[in-house]
Structure formats: C-alpha cells, structure tokens
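S.K.: So here's my_file-v9.csv (CSV, C-alpha atoms).
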chain,number,residue,atom,x,y,z
A,1,GLU,CA,-101.1,-38.1,1.5
A,2,ALA,CA,-103.8,-39.4,-0.8
A,3,GLY,CA,-104.0,-37.8,-4.2
A,4,VAL,CA,-106.9,-36.5,-6.1
A,5,THR,CA,-109.4,-39.3,-6.7
A,6,GLN,CA,-111.9,-39.4,-9.5
A,7,PHE,CA,-114.6,-42.0,-10.2
A,8,PRO,CA,-115.7,-43.7,-12.2
A,9,SER,CA,-112.5,-44.1,-14.3
A,10,HIS,CA,-114.6,-45.0,-17.3
A,11,SER,CA,-118.3,-44.5,-18.1
A,12,VAL,CA,-120.2,-45.4,-21.2
A,13,ILE,CA,-123.7,-44.1,-21.5
A,14,GLU,CA,-126.4,-43.6,-24.1
A,15,LYS,CA,-127.3,-40.2,-25.5
A,16,GLY,CA,-129.9,-38.6,-23.4
A,17,GLN,CA,-128.9,-40.3,-20.2
A,18,THR,CA,-127.5,-38.7,-17.1
A,19,VAL,CA,-124.0,-39.2,-15.7
A,20,THR,CA,-122.4,-37.9,-12.5
A,21,LEU,CA,-118.7,-37.7,-12.1
A,22,ARG,CA,-117.1,-37.3,-8.8
A,23,CYS,CA,-113.9,-35.8,-7.6
A,24,ASP,CA,-112.3,-36.1,-4.2
A,25,PRO,CA,-109.6,-33.5,-3.8
A,26,ILE,CA,-106.6,-33.6,-1.5
A,27,SER,CA,-107.7,-32.9,2.0
A,28,GLY,CA,-107.3,-29.3,2.9
A,29,HIS,CA,-107.2,-28.0,-0.7
A,30,ASP,CA,-109.6,-25.2,-1.0
A,31,ASN,CA,-109.3,-24.9,-4.8
A,32,LEU,CA,-110.9,-27.5,-7.0
A,33,TYR,CA,-110.9,-27.3,-10.8
A,34,TRP,CA,-112.6,-29.3,-13.5
A,35,TYR,CA,-111.1,-29.6,-17.0
A,36,ARG,CA,-112.1,-31.6,-20.0
A,37,ARG,CA,-110.3,-32.9,-23.0
A,38,VAL,CA,-112.4,-33.8,-26.0
A,39,MET,CA,-110.6,-36.2,-28.4
A,40,GLY,CA,-108.1,-34.5,-30.6
A,41,LYS,CA,-108.4,-31.2,-28.8
A,42,GLU,CA,-106.6,-29.4,-26.0
A,43,ILE,CA,-107.5,-29.7,-22.3
A,44,LYS,CA,-110.0,-27.0,-21.5
A,45,PHE,CA,-111.0,-25.3,-18.3
A,46,LEU,CA,-114.5,-25.9,-17.1
A,47,LEU,CA,-114.8,-24.3,-13.7
A,48,HIS,CA,-113.1,-23.5,-10.4
A,49,PHE,CA,-114.4,-23.8,-6.9
A,50,VAL,CA,-113.0,-22.1,-3.8
A,51,LYS,CA,-114.3,-24.2,-1.0
A,52,GLU,CA,-118.0,-24.6,-1.8
A,53,SER,CA,-118.3,-21.4,-4.0
A,54,LYS,CA,-117.9,-21.2,-7.7
A,55,GLN,CA,-115.1,-18.8,-8.4
A,56,ASP,CA,-115.1,-19.1,-12.1
A,57,GLU,CA,-117.5,-21.2,-14.3
A,58,SER,CA,-116.7,-19.5,-17.6
A,59,GLY,CA,-115.7,-22.7,-19.2
A,60,MET,CA,-118.9,-24.6,-18.7
A,61,PRO,CA,-120.2,-25.5,-22.1
A,62,ASN,CA,-123.9,-25.1,-21.5
A,63,ASN,CA,-126.7,-25.6,-18.9
A,64,ARG,CA,-126.6,-29.4,-19.4
A,65,PHE,CA,-123.6,-29.3,-17.1
A,66,LEU,CA,-124.0,-28.8,-13.4
A,67,ALA,CA,-121.2,-28.8,-10.9
A,68,GLU,CA,-121.5,-28.8,-7.1
A,69,ARG,CA,-119.1,-29.0,-4.2
A,70,THR,CA,-121.1,-29.7,-1.1
A,71,GLY,CA,-119.5,-28.5,2.1
A,72,GLY,CA,-116.3,-27.6,0.3
A,73,THR,CA,-115.1,-31.2,0.1
A,74,TYR,CA,-115.8,-33.5,-2.8
A,75,SER,CA,-117.3,-32.2,-6.1
A,76,THR,CA,-119.7,-33.7,-8.6
A,77,LEU,CA,-120.1,-32.8,-12.2
A,78,LYS,CA,-123.5,-33.9,-13.7
A,79,VAL,CA,-124.2,-34.0,-17.4
A,80,GLN,CA,-127.9,-34.2,-18.1
A,81,PRO,CA,-128.9,-35.1,-20.7
A,82,ALA,CA,-125.7,-36.3,-22.2
A,83,GLU,CA,-124.9,-35.6,-25.9
A,84,LEU,CA,-122.4,-37.3,-28.2
A,85,GLU,CA,-120.1,-34.2,-28.1
A,86,ASP,CA,-119.8,-34.6,-24.4
A,87,SER,CA,-117.5,-37.6,-24.8
A,88,GLY,CA,-114.0,-37.0,-23.6
A,89,VAL,CA,-111.8,-37.2,-20.5
A,90,TYR,CA,-112.8,-35.1,-17.5
A,91,PHE,CA,-110.0,-34.1,-15.2
A,92,CYS,CA,-110.2,-32.8,-11.7
A,93,ALA,CA,-107.4,-30.9,-9.9
A,94,SER,CA,-106.9,-29.4,-6.5
A,95,SER,CA,-104.5,-27.0,-5.0
A,96,GLN,CA,-103.9,-24.9,-2.0
A,97,ILE,CA,-104.6,-21.2,-2.2
A,98,ALA,CA,-102.1,-19.0,-4.0
A,99,ARG,CA,-103.6,-15.9,-5.6
A,100,ASP,CA,-100.3,-15.0,-7.3
A,101,GLY,CA,-100.5,-18.2,-9.3
A,102,ASN,CA,-97.4,-19.7,-7.7
A,103,TYR,CA,-98.9,-23.0,-6.7
A,104,GLY,CA,-98.9,-26.6,-7.7
A,105,TYR,CA,-101.9,-28.4,-9.0
A,106,THR,CA,-102.5,-32.1,-8.3
A,107,PHE,CA,-104.5,-33.7,-11.0
A,108,GLY,CA,-106.6,-36.8,-10.8
A,109,SER,CA,-106.4,-39.6,-13.3
A,110,GLY,CA,-109.5,-38.5,-15.1
A,111,THR,CA,-112.9,-40.0,-16.0
A,112,ARG,CA,-113.2,-41.2,-19.6
A,113,LEU,CA,-116.8,-40.5,-20.7
A,114,THR,CA,-118.1,-42.1,-23.8
A,115,VAL,CA,-121.6,-41.1,-25.0
A,116,VAL,CA,-123.0,-43.5,-27.6
B,1,ALA,CA,-106.5,-13.7,-23.7
B,2,GLN,CA,-103.8,-16.3,-23.3
B,3,SER,CA,-103.0,-19.1,-25.6
B,4,VAL,CA,-100.4,-21.9,-25.9
B,5,THR,CA,-99.1,-23.5,-29.1
B,6,GLN,CA,-97.2,-26.7,-29.1
B,7,LEU,CA,-95.4,-27.4,-32.3
B,8,GLY,CA,-95.7,-31.0,-33.4
B,9,SER,CA,-98.4,-33.2,-32.1
B,10,HIS,CA,-96.1,-36.2,-32.4
B,11,VAL,CA,-92.3,-36.3,-31.8
B,12,SER,CA,-90.3,-39.4,-32.2
B,13,VAL,CA,-86.7,-39.8,-31.0
B,14,SER,CA,-84.2,-42.6,-30.5
B,15,GLU,CA,-83.2,-43.7,-27.1
B,16,GLY,CA,-80.3,-41.6,-25.9
B,17,ALA,CA,-81.1,-38.8,-28.3
B,18,LEU,CA,-82.0,-35.2,-27.4
B,19,VAL,CA,-85.6,-34.5,-26.6
B,20,LEU,CA,-86.9,-31.1,-27.7
B,21,LEU,CA,-90.6,-30.3,-27.3
B,22,ARG,CA,-91.6,-26.8,-28.4
B,23,CYS,CA,-94.0,-24.5,-26.7
B,24,ASN,CA,-94.9,-20.9,-27.5
B,25,TYR,CA,-97.4,-18.8,-25.6
B,26,SER,CA,-99.1,-15.5,-25.8
B,27,SER,CA,-100.0,-13.6,-22.6
B,28,SER,CA,-101.0,-10.1,-21.8
B,29,VAL,CA,-99.4,-10.3,-18.4
B,30,PRO,CA,-96.2,-11.9,-17.1
B,31,PRO,CA,-96.9,-15.6,-17.4
B,32,TYR,CA,-96.5,-18.5,-15.2
B,33,LEU,CA,-95.6,-21.5,-17.4
B,34,PHE,CA,-95.8,-25.2,-16.8
B,35,TRP,CA,-95.0,-28.5,-18.4
B,36,TYR,CA,-97.1,-31.5,-17.5
B,37,VAL,CA,-96.7,-35.1,-18.5
B,38,GLN,CA,-99.4,-37.8,-18.8
B,39,TYR,CA,-98.4,-41.4,-18.8
B,40,PRO,CA,-101.0,-44.0,-20.1
B,41,ASN,CA,-103.9,-44.4,-17.7
B,42,GLN,CA,-102.5,-41.8,-15.3
B,43,GLY,CA,-103.3,-38.2,-14.4
B,44,LEU,CA,-101.3,-35.2,-15.3
B,45,GLN,CA,-98.1,-34.9,-13.5
B,46,LEU,CA,-96.2,-31.6,-13.1
B,47,LEU,CA,-92.7,-31.8,-14.7
B,48,LEU,CA,-91.6,-28.3,-14.0
B,49,LYS,CA,-92.8,-24.7,-13.7
B,50,TYR,CA,-91.6,-21.2,-14.2
B,51,THR,CA,-92.9,-18.4,-12.1
B,52,THR,CA,-90.2,-15.8,-11.5
B,53,GLY,CA,-86.4,-15.7,-11.1
B,54,ALA,CA,-84.1,-18.0,-13.0
B,55,THR,CA,-85.3,-18.5,-16.6
B,56,LEU,CA,-83.8,-22.0,-16.8
B,57,VAL,CA,-86.0,-24.3,-14.8
B,58,LYS,CA,-85.1,-27.9,-13.9
B,59,GLY,CA,-87.7,-30.5,-13.3
B,60,ILE,CA,-88.1,-34.1,-12.6
B,61,ASN,CA,-86.7,-37.0,-14.6
B,62,GLY,CA,-83.9,-34.9,-16.1
B,63,PHE,CA,-86.1,-32.5,-17.9
B,64,GLU,CA,-85.6,-28.7,-18.1
B,65,ALA,CA,-87.1,-25.8,-19.8
B,66,GLU,CA,-86.0,-22.2,-20.5
B,67,PHE,CA,-88.3,-19.2,-20.4
B,68,LYS,CA,-87.4,-16.8,-23.3
B,69,LYS,CA,-89.5,-13.7,-23.0
B,70,SER,CA,-88.2,-12.2,-26.3
B,71,GLU,CA,-89.3,-15.4,-28.2
B,72,THR,CA,-92.4,-16.0,-26.0
B,73,SER,CA,-91.2,-19.6,-25.7
B,74,PHE,CA,-90.8,-22.3,-23.0
B,75,HIS,CA,-89.4,-25.3,-24.8
B,76,LEU,CA,-88.8,-28.5,-22.9
B,77,THR,CA,-85.6,-30.4,-23.3
B,78,LYS,CA,-83.9,-33.5,-22.0
B,79,PRO,CA,-80.3,-34.4,-23.1
B,80,SER,CA,-80.8,-38.1,-23.4
B,81,ALA,CA,-84.2,-39.8,-24.0
B,82,HIS,CA,-85.1,-42.9,-22.1
B,83,MET,CA,-87.8,-45.4,-23.1
B,84,SER,CA,-89.7,-44.5,-20.0
B,85,ASP,CA,-90.1,-40.9,-21.3
B,86,ALA,CA,-92.7,-42.0,-23.8
B,87,ALA,CA,-95.8,-40.1,-22.8
B,88,GLU,CA,-97.9,-37.1,-23.8
B,89,TYR,CA,-96.6,-33.7,-22.7
B,90,PHE,CA,-98.6,-30.6,-22.2
B,91,CYS,CA,-97.4,-27.0,-21.9
B,92,ALA,CA,-99.7,-24.6,-20.0
B,93,VAL,CA,-99.9,-21.0,-18.9
B,94,ASN,CA,-101.5,-19.7,-15.8
B,95,HIS,CA,-103.9,-16.8,-15.4
B,96,ALA,CA,-102.3,-15.1,-12.5
B,97,GLY,CA,-104.4,-12.7,-10.4
B,98,GLY,CA,-107.9,-11.5,-10.7
B,99,THR,CA,-110.8,-13.8,-10.4
B,100,SER,CA,-109.3,-16.3,-12.8
B,101,TYR,CA,-106.3,-17.2,-10.7
B,102,GLY,CA,-105.3,-20.8,-11.0
B,103,LYS,CA,-107.0,-21.3,-14.4
B,104,LEU,CA,-104.6,-23.0,-16.8
B,105,THR,CA,-104.7,-22.7,-20.6
B,106,PHE,CA,-103.2,-25.8,-22.2
B,107,GLY,CA,-101.5,-26.5,-25.5
B,108,GLN,CA,-102.7,-29.3,-27.7
B,109,GLY,CA,-100.2,-31.8,-26.3
B,110,THR,CA,-97.3,-33.6,-27.9
B,111,ILE,CA,-97.0,-37.3,-27.9
B,112,LEU,CA,-93.4,-38.4,-27.4
B,113,THR,CA,-92.3,-41.8,-28.8
B,114,VAL,CA,-89.0,-43.2,-27.9
B,115,HIS,CA,-87.7,-46.1,-30.0
B,116,PRO,CA,-84.7,-48.3,-29.3
What does this structure look like when you write it as structure tokens?
M.R.:
Amino acid sequence: EAGVTQFPSHSVIEKGQTVTLRCDPISGHDNLYWYRRVMGKEIKFLLHFVKESKQDESGMPNNRFLAERTGGTYSTLKVQPAELEDSGVYFCASSQIARDGNYGYTFGSGTRLTVV
Amino acid sequence: AQSVTQLGSHVSVSEGALVLLRCNYSSSVPPYLFWYVQYPNQGLQLLLKYTTGATLVKGINGFEAEFKKSETSFHLTKPSAHMSDAAEYFCAVNHAGGTSYGKLTFGQGTILTVHP
C-alpha cells in the first residue's frame, strides 16, 4: 500500500508570502495528524482530523495557520502570511481509528519549510 | 500534562558496541510509549511500542525497550550497533482516551552516531 505522501518536500518562501502544504494519508485512514519540528526543538502536535472534522486543534500556533481536510481525504495546511519562526519541518501522519491509543501511526517524509 | 525527556541529544558509539538511548516520561494516566527513528531525508518510522502486557518490548532492527513504571522510563537498547543504525531517535508518549486520543508528545530526539 502507498504510504503517507507529503508535498512539496521542500519550500523556500519570503516572509509575508503564503504557502500551502499538502498531505495524502493512507487510503482508508480516518485519522490524520499534523506535527511540526522547529529547528532544535521537539516535534510538536498541531492538529488532528477525524475524517473531515477537526478533533483537536489545540496545537495550532495562531490564526495564520489554516488546516483543511476536504471530503475526509487529503489535507492542506496553509500558512498566511508566513513568518520567520514558521520555518521547520512539517510532518503529517495517518492512522486507523483506535480510541484506546493502541494503534500505529504512519508518518510522511515531511515538508521542510524555510521562510527567509 | 504529559512530557518526555530524552537524556543526551547526541550519542556516539563504536560499531558492535551496546546502544542505550534514554527516555523518561511523565504521565497522569497509564502511558502508551513509542520509539521512532528518522533516517536522513525520510519520515518517522516506528521502531517499537508499549501499550499493555509484557514490559520488555522487541522492535525492528534488533532494538528493544523496557517499560519501568517505578522509574518512569522507557530506555531503548540494542546489543550491537551497526553503521546503518545511525539516525535520529525519538521517544513519544500517547494521550490515550478522551478527545486527544492519538496525540503524541515527543522527546527532543537523540542523534545516534556509529563510528567504525
């Protein structure tokens, strides 16, 4: 089966511009997660979709970040306008449902975003 | 709130030597614990996980970890390091149950270097 696909793999944009990251989860995986790793820091949770609904968006840094998951399939994460501190690696992961936590994530390779 | 601490951001071992990567966690509920590995230019790959049952967990590539509740630890070991083990390793704890199920809290990561 195909894994979790993220694109672009790298993006370099200027401060103030808009960038949209995309994640295609494994087919049939209702859960989709976004995480971010800022350089030198730990990987941090951004938000969690169950199908098309936002289950938990407590990790979203501010309202410059907008995540969508149209039709419960792929997801996009838009940063508008981008700031220097948004630079980092953005990971997407998907999993099948398991409310007791006994599940296995599959992570994508990440998108490395550089804001200059 | 849950947290994960990985002792040592960099660990260097000789090929054939024991690998020991340390992870301590704090959790208000019984944790589910994970170790992930990231090879260069790749996504996060699950090495092993502890949910319930046997506290010594075996994973891929000869790695294993032991859940010690009294020490709140989940250290990762491998008896004999191989050059191909060079990567960054992440310990994570899961928020099981409630609306935050599936949300992972990561440690800071440990870069493992293996030299000949």
S.K.: Report the closest atom pair, with its distance in Å rounded to one decimal, for each residue of chain B that has an atom no farther than 12 Å from chain A; count all atoms listed in the file, sort by chain and then rising residue number, and write it as a tab-separated table.
M.R.:
residue	atom	partner	partner_atom	distance
B:Ser3	CA	A:Glu42	CA	10.9
B:Val4	CA	A:Glu42	CA	9.7
B:Thr5	CA	A:Glu42	CA	10.0
B:Gln6	CA	A:Glu42	CA	10.3
B:Ser9	CA	A:Gly40	CA	9.9
B:Pro30	CA	A:Gly101	CA	10.9
B:Pro31	CA	A:Gly101	CA	9.2
B:Tyr32	CA	A:Gly101	CA	7.1
B:Leu33	CA	A:Gly101	CA	10.0
B:Phe34	CA	A:Gly104	CA	9.7
B:Trp35	CA	A:Gly104	CA	11.5
B:Tyr36	CA	A:Phe107	CA	10.1
B:Val37	CA	A:Phe107	CA	10.9
B:Gln38	CA	A:Ser109	CA	9.1
B:Tyr39	CA	A:Ser109	CA	9.9
B:Pro40	CA	A:Ser109	CA	9.7
B:Asn41	CA	A:Ser109	CA	7.0
B:Gln42	CA	A:Ser109	CA	4.9
B:Gly43	CA	A:Ser109	CA	3.6
B:Leu44	CA	A:Phe107	CA	5.6
B:Gln45	CA	A:Phe107	CA	7.0
B:Leu46	CA	A:Tyr105	CA	7.7
B:Leu47	CA	A:Gly104	CA	10.7
B:Leu48	CA	A:Gly104	CA	9.8
B:Lys49	CA	A:Gly104	CA	8.8
B:Tyr50	CA	A:Asn102	CA	8.8
B:Thr51	CA	A:Asn102	CA	6.4
B:Thr52	CA	A:Asn102	CA	9.0
B:Glu88	CA	A:Glu42	CA	11.8
B:Tyr89	CA	A:Glu42	CA	11.4
B:Phe90	CA	A:Glu42	CA	8.9
B:Cys91	CA	A:Glu42	CA	10.4
B:Ala92	CA	A:Ile43	CA	9.6
B:Val93	CA	A:Gly101	CA	10.0
B:Asn94	CA	A:Gly101	CA	6.7
B:His95	CA	A:Gly101	CA	7.1
B:Ala96	CA	A:Gly101	CA	4.8
B:Gly97	CA	A:Asp100	CA	5.6
B:Gly98	CA	A:Arg99	CA	8.0
B:Thr99	CA	A:Gln55	CA	6.9
B:Ser100	CA	A:Asp56	CA	6.5
B:Tyr101	CA	A:Arg99	CA	5.9
B:Gly102	CA	A:Gly101	CA	5.7
B:Lys103	CA	A:Phe45	CA	6.9
B:Leu104	CA	A:Phe45	CA	7.0
B:Thr105	CA	A:Lys44	CA	6.9
B:Phe106	CA	A:Ile43	CA	5.8
B:Gly107	CA	A:Glu42	CA	5.9
B:Gln108	CA	A:Glu42	CA	4.3
B:Gly109	CA	A:Glu42	CA	6.8
B:Thr110	CA	A:Glu42	CA	10.4
B:Ile111	CA	A:Gly40	CA	11.8
S.K.: Could you please determine the separation between CA of Gly88 in chain A and CA of His29 in chain A in Å, to one decimal place?
M.R.: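 Atom-to-atom, CA of Gly88 in chain A to CA of His29 in chain A, that is 25.5 Å.
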S.K.: How many Å separate CA of Val38 in chain A from CA of Asn62 in chain A?
M.R.: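 CA of Asn62 in chain A lies 15.1 Å from CA of Val38 in chain A.
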S.K.: Do you have the CA of Arg22 in chain B-CA of Lys68 in chain B distance handy?
M.R.: 12.0 Å
S.K.: Restricting the calculation to all atoms listed in the file: of A:Leu21, A:Arg36, A:Pro81, A:Val89, which residue gets closest to Glu68 in chain A?
M.R.: A:Leu21
S.K.: Need to verify the contact set: His10 in chain A, 8 Å, all atoms listed in the file, exclusion of same-chain residues closer than 5 positions in sequence. Can you return it as a PyMOL selection string?
M.R.: chain A and resi 111-114
